[in-house]
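Colleague: If it helps, the file is called target08.pdb and holds PDB, C-alpha atoms and all ligand atoms:
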```pdb
ATOM      1  CA  MET A   1      18.608 -23.450   7.431
ATOM      2  CA  LYS A   2      18.296 -25.103  10.842
ATOM      3  CA  SER A   3      15.124 -27.107  11.457
ATOM      4  CA  ARG A   4      13.669 -24.811  14.166
ATOM      5  CA  PRO A   5      13.998 -21.220  13.062
ATOM      6  CA  ASN A   6      14.173 -18.329  15.538
ATOM      7  CA  LEU A   7      11.217 -16.039  15.106
ATOM      8  CA  LEU A   8      10.782 -12.623  16.664
ATOM      9  CA  ALA A   9       7.312 -11.154  17.053
ATOM     10  CA  ILE A  10       6.960  -7.418  17.586
ATOM     11  CA  VAL A  11       3.594  -6.482  19.059
ATOM     12  CA  GLY A  12       2.749  -2.854  18.394
ATOM     13  CA  SER A  13      -0.100  -2.459  20.870
ATOM     14  CA  GLN A  14       0.143   0.194  23.565
ATOM     15  CA  ARG A  15      -1.539  -2.059  26.131
ATOM     16  CA  SER A  16       0.319  -5.046  27.592
ATOM     17  CA  ASN A  17      -1.088  -8.531  27.144
ATOM     18  CA  GLY A  18      -3.946  -7.375  24.914
ATOM     19  CA  ASN A  19      -5.469  -9.092  21.915
ATOM     20  CA  SER A  20      -2.444  -8.637  19.657
ATOM     21  CA  TYR A  21      -0.250 -10.344  22.248
ATOM     22  CA  ALA A  22      -2.784 -13.146  22.873
ATOM     23  CA  LEU A  23      -3.073 -13.794  19.134
ATOM     24  CA  THR A  24       0.700 -13.801  18.689
ATOM     25  CA  LYS A  25       1.244 -16.224  21.540
ATOM     26  CA  VAL A  26      -1.438 -18.729  20.509
ATOM     27  CA  VAL A  27      -0.156 -18.712  16.924
ATOM     28  CA  LEU A  28       3.541 -19.045  17.757
ATOM     29  CA  ASP A  29       2.954 -21.664  20.467
ATOM     30  CA  SER A  30       1.659 -23.995  17.760
ATOM     31  CA  GLU A  31       4.569 -23.568  15.334
ATOM     32  CA  ASP A  32       7.734 -25.601  14.981
ATOM     33  CA  ALA A  33       9.911 -22.607  15.809
ATOM     34  CA  ASN A  34      11.698 -20.941  18.699
ATOM     35  CA  TYR A  35      10.227 -17.542  19.361
ATOM     36  CA  GLN A  36      10.410 -14.371  21.397
ATOM     37  CA  ILE A  37       7.679 -11.771  21.683
ATOM     38  CA  VAL A  38       8.539  -8.100  22.210
ATOM     39  CA  GLN A  39       5.615  -5.999  23.390
ATOM     40  CA  LEU A  40       6.308  -2.357  22.605
ATOM     41  CA  ALA A  41       3.871  -1.498  25.416
ATOM     42  CA  ASP A  42       6.574  -2.637  27.857
ATOM     43  CA  LYS A  43       9.422  -0.807  26.123
ATOM     44  CA  LYS A  44      10.694   2.736  26.307
ATOM     45  CA  ILE A  45      10.889   4.103  22.766
ATOM     46  CA  GLU A  46      11.848   7.788  22.379
ATOM     47  CA  PHE A  47      11.357   9.931  19.302
ATOM     48  CA  CYS A  48      14.352  10.248  16.974
ATOM     49  CA  ASN A  49      15.922  13.702  17.259
ATOM     50  CA  ILE A  50      17.807  13.438  13.935
ATOM     51  CA  CYS A  51      21.247  13.768  15.553
ATOM     52  CA  GLU A  52      22.764  11.801  12.608
ATOM     53  CA  LYS A  53      25.092   9.800  14.922
ATOM     54  CA  CYS A  54      23.606   6.577  13.555
ATOM     55  CA  ILE A  55      25.430   7.180  10.256
ATOM     56  CA  SER A  56      28.353   5.329  11.790
ATOM     57  CA  ASP A  57      27.293   4.185  15.246
ATOM     58  CA  ASP A  58      24.432   2.745  17.274
ATOM     59  CA  CYS A  59      21.584   5.085  18.106
ATOM     60  CA  PRO A  60      22.729   7.053  21.200
ATOM     61  CA  LEU A  61      19.252   7.485  22.715
ATOM     62  CA  GLU A  62      19.026   5.766  26.081
ATOM     63  CA  ASP A  63      15.936   3.639  25.732
ATOM     64  CA  ASP A  64      15.013   0.100  24.642
ATOM     65  CA  PHE A  65      15.280   0.621  20.885
ATOM     66  CA  ASN A  66      18.791  -0.798  20.359
ATOM     67  CA  GLN A  67      17.905  -3.913  22.348
ATOM     68  CA  VAL A  68      14.903  -4.593  20.077
ATOM     69  CA  LEU A  69      16.966  -3.879  16.956
ATOM     70  CA  GLU A  70      19.565  -6.450  18.098
ATOM     71  CA  LYS A  71      16.808  -9.027  18.474
ATOM     72  CA  MET A  72      15.614  -8.217  14.945
ATOM     73  CA  LYS A  73      19.142  -8.711  13.595
ATOM     74  CA  HIS A  74      19.430 -12.137  15.235
ATOM     75  CA  ALA A  75      15.997 -13.444  14.230
ATOM     76  CA  ASP A  76      15.514 -15.606  11.139
ATOM     77  CA  GLY A  77      12.107 -14.068  10.502
ATOM     78  CA  ILE A  78       9.916 -11.368  12.021
ATOM     79  CA  VAL A  79       6.180 -11.266  12.705
ATOM     80  CA  PHE A  80       4.666  -7.801  13.189
ATOM     81  CA  VAL A  81       1.324  -7.719  14.988
ATOM     82  CA  ILE A  82      -0.370  -4.353  15.087
ATOM     83  CA  PRO A  83      -3.735  -3.301  16.509
ATOM     84  CA  LYS A  84      -5.697  -0.858  14.419
ATOM     85  CA  TYR A  85      -5.818   2.540  16.164
ATOM     86  CA  LEU A  86      -7.679   4.378  13.394
ATOM     87  CA  PHE A  87      -4.603   3.548  11.336
ATOM     88  CA  VAL A  88      -1.389   2.718  13.234
ATOM     89  CA  PRO A  89      -0.536   3.108  16.960
ATOM     90  CA  SER A  90       1.800   6.069  17.440
ATOM     91  CA  LYS A  91       4.377   4.154  19.501
ATOM     92  CA  PHE A  92       4.717   1.550  16.760
ATOM     93  CA  LEU A  93       5.070   4.299  14.134
ATOM     94  CA  CYS A  94       7.744   5.918  16.301
ATOM     95  CA  PHE A  95       9.576   2.578  16.411
ATOM     96  CA  LEU A  96       9.356   2.164  12.609
ATOM     97  CA  GLU A  97      10.546   5.731  12.093
ATOM     98  CA  ARG A  98      13.611   5.051  14.258
ATOM     99  CA  LEU A  99      14.468   2.056  12.043
ATOM    100  CA  ASP A 100      13.871   3.995   8.832
ATOM    101  CA  THR A 101      15.957   6.920  10.050
ATOM    102  CA  ILE A 102      18.992   4.681  10.531
ATOM    103  CA  ASP A 103      18.492   3.287   7.048
ATOM    104  CA  HIS A 104      18.122   6.786   5.598
ATOM    105  CA  MET A 105      21.179   8.220   7.375
ATOM    106  CA  ARG A 106      23.416   5.358   6.250
ATOM    107  CA  LYS A 107      22.143   5.327   2.674
ATOM    108  CA  HIS A 108      22.740   9.061   2.307
ATOM    109  CA  ALA A 109      25.678   9.450   4.725
ATOM    110  CA  GLY A 110      23.556  12.041   6.538
ATOM    111  CA  TYR A 111      20.216  13.765   6.373
ATOM    112  CA  GLU A 112      20.482  15.164   2.834
ATOM    113  CA  ARG A 113      19.531  12.934  -0.078
ATOM    114  CA  THR A 114      22.912  12.116  -1.581
ATOM    115  CA  PHE A 115      22.664   8.348  -2.144
ATOM    116  CA  LYS A 116      26.320   7.977  -1.189
ATOM    117  CA  ASN A 117      25.693   4.334  -0.185
ATOM    118  CA  PRO A 118      22.713   3.518  -2.415
ATOM    119  CA  ASP A 119      22.846  -0.225  -1.717
ATOM    120  CA  TYR A 120      22.759   0.067   2.070
ATOM    121  CA  SER A 121      19.827  -1.467   3.881
ATOM    122  CA  LEU A 122      19.528  -2.349   7.543
ATOM    123  CA  PHE A 123      18.417  -5.911   6.749
ATOM    124  CA  THR A 124      18.950  -8.180   3.786
ATOM    125  CA  GLU A 125      16.100 -10.367   2.645
ATOM    126  CA  LYS A 126      14.979 -11.315   6.151
ATOM    127  CA  PRO A 127      11.334 -12.404   5.783
ATOM    128  CA  PHE A 128       8.498 -10.775   7.685
ATOM    129  CA  CYS A 129       4.734 -11.099   7.852
ATOM    130  CA  MET A 130       2.002  -8.992   9.415
ATOM    131  CA  PHE A 131      -1.347  -9.327  11.180
ATOM    132  CA  VAL A 132      -3.606  -6.434  12.116
ATOM    133  CA  THR A 133      -6.062  -6.863  14.984
ATOM    134  CA  SER A 134      -9.104  -4.629  15.278
ATOM    135  CA  GLY A 135     -12.392  -4.393  17.078
ATOM    136  CA  THR A 136     -14.438  -4.808  13.913
ATOM    137  CA  GLY A 137     -12.194  -7.070  11.821
ATOM    138  CA  ASN A 138     -12.798  -5.041   8.667
ATOM    139  CA  VAL A 139     -10.156  -5.493   5.964
ATOM    140  CA  GLU A 140      -7.512  -3.141   7.334
ATOM    141  CA  GLU A 141      -5.752  -2.416   4.067
ATOM    142  CA  GLN A 142      -4.625   1.099   4.965
ATOM    143  CA  THR A 143      -3.020   0.014   8.230
ATOM    144  CA  LEU A 144      -1.174  -2.804   6.480
ATOM    145  CA  LYS A 145      -0.118  -0.516   3.612
ATOM    146  CA  ILE A 146       1.299   2.167   5.913
ATOM    147  CA  VAL A 147       3.260  -0.367   7.945
ATOM    148  CA  ALA A 148       4.507  -2.262   4.857
ATOM    149  CA  ASP A 149       5.845   0.962   3.340
ATOM    150  CA  TYR A 150       7.981   1.619   6.421
ATOM    151  CA  ILE A 151       9.173  -1.977   6.680
ATOM    152  CA  GLN A 152      10.067  -2.705   3.075
ATOM    153  CA  VAL A 153      12.450   0.277   2.986
ATOM    154  CA  LEU A 154      14.557  -1.661   5.494
ATOM    155  CA  GLY A 155      15.273  -4.544   3.118
ATOM    156  CA  LEU A 156      12.946  -6.982   4.856
ATOM    157  CA  ARG A 157      11.145  -9.374   2.503
ATOM    158  CA  PRO A 158       7.360  -9.572   2.729
ATOM    159  CA  ILE A 159       5.637 -12.928   3.067
ATOM    160  CA  ARG A 160       2.229 -12.219   1.667
ATOM    161  CA  TYR A 161      -1.136 -13.628   2.579
ATOM    162  CA  ASN A 162      -2.937 -15.554  -0.155
ATOM    163  CA  ASN A 163      -6.125 -13.474  -0.028
ATOM    164  CA  PRO A 164      -6.835  -9.730  -0.284
ATOM    165  CA  PRO A 165      -5.381  -7.427   0.884
ATOM    166  CA  PHE A 166      -2.345  -9.756   0.457
ATOM    167  CA  LEU A 167      -0.020  -7.541   2.546
ATOM    168  CA  GLY A 168      -1.123  -9.330   5.710
ATOM    169  CA  ILE A 169      -4.152 -10.563   7.647
ATOM    170  CA  SER A 170      -6.926  -8.550   9.277
ATOM    171  CA  VAL A 171      -8.206 -10.321  12.364
ATOM    172  CA  LYS A 172     -11.408  -9.506  14.212
ATOM    173  CA  ALA A 173     -10.150  -9.303  17.788
ATOM    174  CA  GLY A 174     -12.942  -7.480  19.619
ATOM    175  CA  ASP A 175     -11.998  -4.994  22.329
ATOM    176  CA  ARG A 176     -11.916  -6.965  25.561
ATOM    177  CA  LYS A 177      -8.460  -8.370  26.366
ATOM    178  CA  GLY A 178      -8.274 -11.987  25.158
ATOM    179  CA  GLU A 179     -11.468 -11.752  23.082
ATOM    180  CA  VAL A 180      -9.460 -12.611  19.972
ATOM    181  CA  LEU A 181      -8.981 -16.152  21.283
ATOM    182  CA  GLY A 182     -12.595 -16.837  20.298
ATOM    183  CA  ASN A 183     -11.792 -16.156  16.638
ATOM    184  CA  GLU A 184     -10.644 -19.617  15.589
ATOM    185  CA  GLN A 185     -10.716 -18.846  11.890
ATOM    186  CA  GLY A 186      -8.537 -15.758  12.351
ATOM    187  CA  ILE A 187      -6.060 -17.757  14.434
ATOM    188  CA  THR A 188      -5.915 -20.506  11.784
ATOM    189  CA  GLU A 189      -5.253 -17.962   9.024
ATOM    190  CA  CYS A 190      -2.436 -16.380  11.021
ATOM    191  CA  LYS A 191      -0.899 -19.816  11.628
ATOM    192  CA  ARG A 192      -0.949 -20.473   7.878
ATOM    193  CA  LEU A 193       0.859 -17.234   7.171
ATOM    194  CA  VAL A 194       3.545 -17.941   9.779
ATOM    195  CA  GLU A 195       3.972 -21.434   8.304
ATOM    196  CA  LYS A 196       4.480 -19.822   4.897
ATOM    197  CA  LEU A 197       7.192 -17.649   6.442
ATOM    198  CA  ILE A 198       8.863 -20.671   8.085
ATOM    199  CA  ASN A 199       8.734 -22.617   4.798
ATOM    200  CA  SER A 200      10.329 -19.694   2.964
ATOM    201  CA  LEU A 201      13.326 -20.084   5.278
ATOM    202  CA  LYS A 202      13.748 -23.713   4.258
ATOM    203  CA  ASN A 203      13.900 -22.958   0.515
TER     204      ASN A 203
HETATM  205  C1  LIG B 301      -7.071   4.724  19.858
HETATM  206  C2  LIG B 301      -7.777   3.492  19.352
HETATM  207  C3  LIG B 301      -8.342   3.512  18.101
HETATM  208  C4  LIG B 301      -9.000   2.375  17.619
HETATM  209  N1  LIG B 301      -9.521   2.413  16.348
HETATM  210  C5  LIG B 301     -10.176   1.328  15.859
HETATM  211  C6  LIG B 301     -10.745   1.379  14.559
HETATM  212  O1  LIG B 301     -10.655   2.377  13.839
HETATM  213  N2  LIG B 301     -11.404   0.279  14.112
HETATM  214  C7  LIG B 301     -11.533  -0.855  14.882
HETATM  215  O2  LIG B 301     -12.131  -1.827  14.423
HETATM  216  N3  LIG B 301     -10.972  -0.935  16.115
HETATM  217  C8  LIG B 301     -10.307   0.147  16.630
HETATM  218  N4  LIG B 301      -9.754   0.100  17.894
HETATM  219  C9  LIG B 301      -9.915  -1.136  18.691
HETATM  220  C10 LIG B 301      -8.677  -2.034  18.724
HETATM  221  O3  LIG B 301      -8.145  -2.238  17.433
HETATM  222  C11 LIG B 301      -9.062  -3.379  19.328
HETATM  223  O4  LIG B 301      -9.617  -3.184  20.626
HETATM  224  C12 LIG B 301      -7.899  -4.354  19.426
HETATM  225  O5  LIG B 301      -8.371  -5.608  19.925
HETATM  226  C13 LIG B 301      -6.827  -3.811  20.346
HETATM  227  O6  LIG B 301      -5.738  -4.699  20.370
HETATM  228  P1  LIG B 301      -4.788  -4.807  21.664
HETATM  229  O7  LIG B 301      -5.621  -5.445  22.742
HETATM  230  O8  LIG B 301      -3.659  -5.646  21.201
HETATM  231  O9  LIG B 301      -4.380  -3.402  22.006
HETATM  232  C14 LIG B 301      -9.096   1.211  18.406
HETATM  233  C15 LIG B 301      -8.520   1.204  19.683
HETATM  234  C16 LIG B 301      -7.862   2.328  20.151
HETATM  235  C17 LIG B 301      -7.232   2.308  21.536
END
```
Please rewrite the model in this file as structure tokens.
Ligand SMILES: Cc1cc2nc3c(=O)[nH]c(=O)nc-3n(C[C@H](O)[C@H](O)[C@H](O)COP(=O)(O)O)c2cc1C
Modeller:
Amino acid sequence: MKSRPNLLAIVGSQRSNGNSYALTKVVLDSEDANYQIVQLADKKIEFCNICEKCISDDCPLEDDFNQVLEKMKHADGIVFVIPKYLFVPSKFLCFLERLDTIDHMRKHAGYERTFKNPDYSLFTEKPFCMFVTSGTGNVEEQTLKIVADYIQVLGLRPIRYNNPPFLGISVKAGDRKGEVLGNEQGITECKRLVEKLINSLKN
């Protein structure tokens, strides 16, 4: 493993440069890693229409999905940062569904559940971690659980937080853009989790 890993952060907020982005940037700026941040707010992500072409080819939809997927393939580790919108923002869910559909189509060689390629997964053991931002900062277990279920199907390996709910970190971000930068404890916890991810790449 090279000394400075390449991290990709995917920010699932539907507003550009909001709290999830600010948190991601302040955390990754302090780490010994190269990084890129993709804000889904700035990307065009269409709904999957279940055309099944991804069984053997790239997704044919003309939007930004394939570009983000390529970045995921090239990253050493991935950080997902999601604001709580009751549960999960719809654009982020749409993005996860696109990934899971490719995995499903290749595993089953089509829509029907055949398990023709049972060992297929889009990624192999690439580590990921998650933070959820919210106005209140309550423990956002359901948001983390929903997102983890989509992501683990893909073969990505979870780097867990040391405290409940373990799947990731809930950060009180407030609602005003940038308000999260006042939450020093939340920022420190997120840094620790990213460091755990980076250390997992060295082992
Ligand atoms: C549609 C919607 C639903 C939201 N639901 C919740 C919620 O249930 N609980 C909460 O604490 N914050 C909720 N929020 C507030 C956001 O989680 C909070 O403002 C967060 O900082 C937004 O992150 P962003 O700036 O990265 O978009 C909601 C915001 C939106 C737009």
Colleague: Taking only C-alpha atoms and all ligand atoms into account, list the residues no farther than 7 Å from ligand LIG 301 (chain B), as a ChimeraX atom specification.
Modeller: /A:13-15,18-21,83-87,133-138,173-177
Colleague: Could you list the residues chosen by the PyMOL selection byres (((chain A and resi 160) around 9) and not hetatm) in this structure as a PDB file with C-alpha atoms, in the frame of the given file?
Modeller:
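This is the output file expr.pdb:
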```
ATOM      1  CA  PHE A 128       8.498 -10.775   7.685  1.00  0.00           C
ATOM      2  CA  CYS A 129       4.734 -11.099   7.852  1.00  0.00           C
ATOM      3  CA  MET A 130       2.002  -8.992   9.415  1.00  0.00           C
ATOM      4  CA  PRO A 158       7.360  -9.572   2.729  1.00  0.00           C
ATOM      5  CA  ILE A 159       5.637 -12.928   3.067  1.00  0.00           C
ATOM      6  CA  TYR A 161      -1.136 -13.628   2.579  1.00  0.00           C
ATOM      7  CA  ASN A 162      -2.937 -15.554  -0.155  1.00  0.00           C
ATOM      8  CA  ASN A 163      -6.125 -13.474  -0.028  1.00  0.00           C
ATOM      9  CA  PHE A 166      -2.345  -9.756   0.457  1.00  0.00           C
ATOM     10  CA  LEU A 167      -0.020  -7.541   2.546  1.00  0.00           C
ATOM     11  CA  GLY A 168      -1.123  -9.330   5.710  1.00  0.00           C
ATOM     12  CA  ILE A 169      -4.152 -10.563   7.647  1.00  0.00           C
ATOM     13  CA  LEU A 193       0.859 -17.234   7.171  1.00  0.00           C
ATOM     14  CA  LYS A 196       4.480 -19.822   4.897  1.00  0.00           C
ATOM     15  CA  LEU A 197       7.192 -17.649   6.442  1.00  0.00           C
TER      16      LEU A 197
END
```
Colleague: Would you compute the distance between atom CA of Asn6 of chain A and atom CA of Asn34 of chain A? Give it in Å to one decimal.
Modeller: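 Those two atoms sit 4.8 Å apart.
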Colleague: So that I can check the surroundings of Ala33 of chain A, please list as a PyMOL selection string every protein, DNA and RNA residue that reaches within 8 Å of it, counting all atoms listed in the file and ignoring chain neighbours fewer than 2 positions away.
Modeller: chain A and resi 4-7+28+31+35
Colleague: With the PyMOL selection byres (((chain A and resi 91-96) around 12) and not hetatm) as the selection, what would be picked from this file? Answer as an MDAnalysis selection string, please.
Modeller: chainID A and resid 10:15 38:49 63:66 68:69 80:85 87:90 97:103 143 146:154
Colleague: May I have the centre and edge lengths, in Å to one decimal, of an axis-aligned box around the listed atoms of segment 23-40 of chain A with 4 Å added to every side, as AutoDock Vina command-line options?
Modeller:
```
--center_x 4.3 --center_y -14.0 --center_z 19.2 --size_x 22.8 --size_y 31.2 --size_z 16.4
```
Colleague: List as a PyMOL selection string: which residues have an atom within 12 Å of (20.2, 5.2, -1.1), counting all atoms listed in the file?
Modeller: chain A and resi 100+102-122+153-155
Colleague: Selected residues, C-alpha atoms, written as a short mmCIF file (atom, residue, chain, number, x, y, z; two decimals), in the frame of the given file, please.
Modeller:
```
data_model
loop_
_atom_site.label_atom_id
_atom_site.label_comp_id
_atom_site.auth_asym_id
_atom_site.auth_seq_id
_atom_site.Cartn_x
_atom_site.Cartn_y
_atom_site.Cartn_z
CA ASP A 100 13.87 4.00 8.83
CA ILE A 102 18.99 4.68 10.53
CA ASP A 103 18.49 3.29 7.05
CA HIS A 104 18.12 6.79 5.60
CA MET A 105 21.18 8.22 7.38
CA ARG A 106 23.42 5.36 6.25
CA LYS A 107 22.14 5.33 2.67
CA HIS A 108 22.74 9.06 2.31
CA ALA A 109 25.68 9.45 4.72
CA GLY A 110 23.56 12.04 6.54
CA TYR A 111 20.22 13.76 6.37
CA GLU A 112 20.48 15.16 2.83
CA ARG A 113 19.53 12.93 -0.08
CA THR A 114 22.91 12.12 -1.58
CA PHE A 115 22.66 8.35 -2.14
CA LYS A 116 26.32 7.98 -1.19
CA ASN A 117 25.69 4.33 -0.18
CA PRO A 118 22.71 3.52 -2.42
CA ASP A 119 22.85 -0.22 -1.72
CA TYR A 120 22.76 0.07 2.07
CA SER A 121 19.83 -1.47 3.88
CA LEU A 122 19.53 -2.35 7.54
CA VAL A 153 12.45 0.28 2.99
CA LEU A 154 14.56 -1.66 5.49
CA GLY A 155 15.27 -4.54 3.12
#
```
Colleague: Can you tell me how far atom CA of Gln142 of chain A sits from atom CA of Asp76 of chain A, in Å to one decimal?
Modeller: 26.9 Å
Colleague: Identify which of the residues A:Ala9, A:Val171, A:Ile187, A:Leu201 lies closest to Val79 of chain A, counting all atoms listed in the file when measuring atom-to-atom distances.
Modeller: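 For Val79 of chain A, the nearest of the candidates is A:Ala9.
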Colleague: What is the atom CA of Val180 of chain A to atom CA of Ser200 of chain A distance in Å?
Modeller: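 Separating atom CA of Val180 of chain A from atom CA of Ser200 of chain A is a distance of 27.0 Å.
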Colleague: Would you please work out which residue, of A:Thr24, A:Gln67, A:Gln36, A:Ser56, is nearest to Cys190 of chain A when using all atoms listed in the file?
Modeller: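 Closest to Cys190 of chain A, using all atoms listed in the file: A:Thr24.
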Colleague: Mind writing segment 11-99 of chain A to a file for me, with C-alpha atoms, as a tab-separated table (two decimals), in the first residue's frame?
Modeller:
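Now in decode_2.tsv:
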```tsv
chain	number	residue	atom	x	y	z
A	11	VAL	CA	-21.52	13.60	-0.58
A	12	GLY	CA	-25.18	12.69	-0.87
A	13	SER	CA	-26.69	16.09	-0.11
A	14	GLN	CA	-28.98	17.71	-2.66
A	15	ARG	CA	-27.59	21.17	-1.91
A	16	SER	CA	-24.09	22.14	-3.05
A	17	ASN	CA	-21.50	23.16	-0.49
A	18	GLY	CA	-23.76	22.41	2.48
A	19	ASN	CA	-22.86	20.96	5.85
A	20	SER	CA	-22.05	17.48	4.54
A	21	TYR	CA	-19.56	18.98	2.09
A	22	ALA	CA	-18.04	21.32	4.71
A	23	LEU	CA	-17.61	18.41	7.14
A	24	THR	CA	-16.06	16.21	4.46
A	25	LYS	CA	-13.59	18.88	3.40
A	26	VAL	CA	-12.43	19.82	6.91
A	27	VAL	CA	-11.96	16.15	7.80
A	28	LEU	CA	-10.12	15.14	4.63
A	29	ASP	CA	-7.95	18.28	4.58
A	30	SER	CA	-6.39	17.09	7.84
A	31	GLU	CA	-5.60	13.53	6.72
A	32	ASP	CA	-2.45	12.12	5.19
A	33	ALA	CA	-4.27	11.15	2.00
A	34	ASN	CA	-5.01	12.40	-1.49
A	35	TYR	CA	-8.71	12.96	-1.92
A	36	GLN	CA	-11.50	13.94	-4.26
A	37	ILE	CA	-14.99	14.96	-3.23
A	38	VAL	CA	-17.97	14.23	-5.48
A	39	GLN	CA	-21.08	16.21	-4.59
A	40	LEU	CA	-24.12	14.44	-6.01
A	41	ALA	CA	-25.88	17.83	-5.91
A	42	ASP	CA	-23.70	18.84	-8.88
A	43	LYS	CA	-24.21	15.60	-10.82
A	44	LYS	CA	-26.91	14.41	-13.16
A	45	ILE	CA	-28.11	11.02	-11.93
A	46	GLU	CA	-31.08	9.45	-13.78
A	47	PHE	CA	-33.26	6.63	-12.54
A	48	CYS	CA	-32.34	3.13	-13.74
A	49	ASN	CA	-34.84	1.90	-16.34
A	50	ILE	CA	-33.86	-1.79	-15.95
A	51	CYS	CA	-32.72	-2.14	-19.57
A	52	GLU	CA	-30.33	-4.97	-18.49
A	53	LYS	CA	-27.52	-3.71	-20.79
A	54	CYS	CA	-25.22	-3.48	-17.78
A	55	ILE	CA	-25.05	-7.29	-17.67
A	56	SER	CA	-22.14	-7.01	-20.07
A	57	ASP	CA	-21.50	-3.32	-20.66
A	58	ASP	CA	-21.35	0.08	-19.01
A	59	CYS	CA	-24.64	1.68	-18.08
A	60	PRO	CA	-25.93	3.34	-21.30
A	61	LEU	CA	-27.74	6.22	-19.56
A	62	GLU	CA	-26.23	9.55	-20.55
A	63	ASP	CA	-25.57	11.19	-17.22
A	64	ASP	CA	-22.74	11.45	-14.68
A	65	PHE	CA	-23.15	8.02	-13.09
A	66	ASN	CA	-20.41	6.17	-15.02
A	67	GLN	CA	-17.92	8.94	-14.27
A	68	VAL	CA	-18.56	8.60	-10.52
A	69	LEU	CA	-18.40	4.80	-10.72
A	70	GLU	CA	-14.97	5.06	-12.41
A	71	LYS	CA	-13.76	7.25	-9.56
A	72	MET	CA	-15.03	4.66	-7.07
A	73	LYS	CA	-13.14	1.90	-8.91
A	74	HIS	CA	-9.88	3.87	-8.77
A	75	ALA	CA	-10.12	4.95	-5.13
A	76	ASP	CA	-8.38	3.01	-2.36
A	77	GLY	CA	-11.19	3.79	0.06
A	78	ILE	CA	-14.54	5.58	-0.01
A	79	VAL	CA	-16.17	7.95	2.48
A	80	PHE	CA	-19.94	8.37	2.16
A	81	VAL	CA	-21.38	11.50	3.76
A	82	ILE	CA	-25.14	11.70	3.82
A	83	PRO	CA	-27.47	14.31	5.29
A	84	LYS	CA	-30.53	12.97	7.04
A	85	TYR	CA	-33.66	13.81	5.00
A	86	LEU	CA	-36.13	11.97	7.24
A	87	PHE	CA	-34.13	8.90	6.24
A	88	VAL	CA	-32.02	9.14	3.06
A	89	PRO	CA	-31.99	11.81	0.30
A	90	SER	CA	-33.71	10.47	-2.81
A	91	LYS	CA	-30.88	11.38	-5.20
A	92	PHE	CA	-28.40	9.43	-3.09
A	93	LEU	CA	-30.79	6.45	-2.96
A	94	CYS	CA	-31.13	6.66	-6.75
A	95	PHE	CA	-27.33	6.57	-7.03
A	96	LEU	CA	-27.09	3.53	-4.71
A	97	GLU	CA	-29.85	1.77	-6.63
A	98	ARG	CA	-27.95	2.27	-9.89
A	99	LEU	CA	-24.89	0.60	-8.32
```
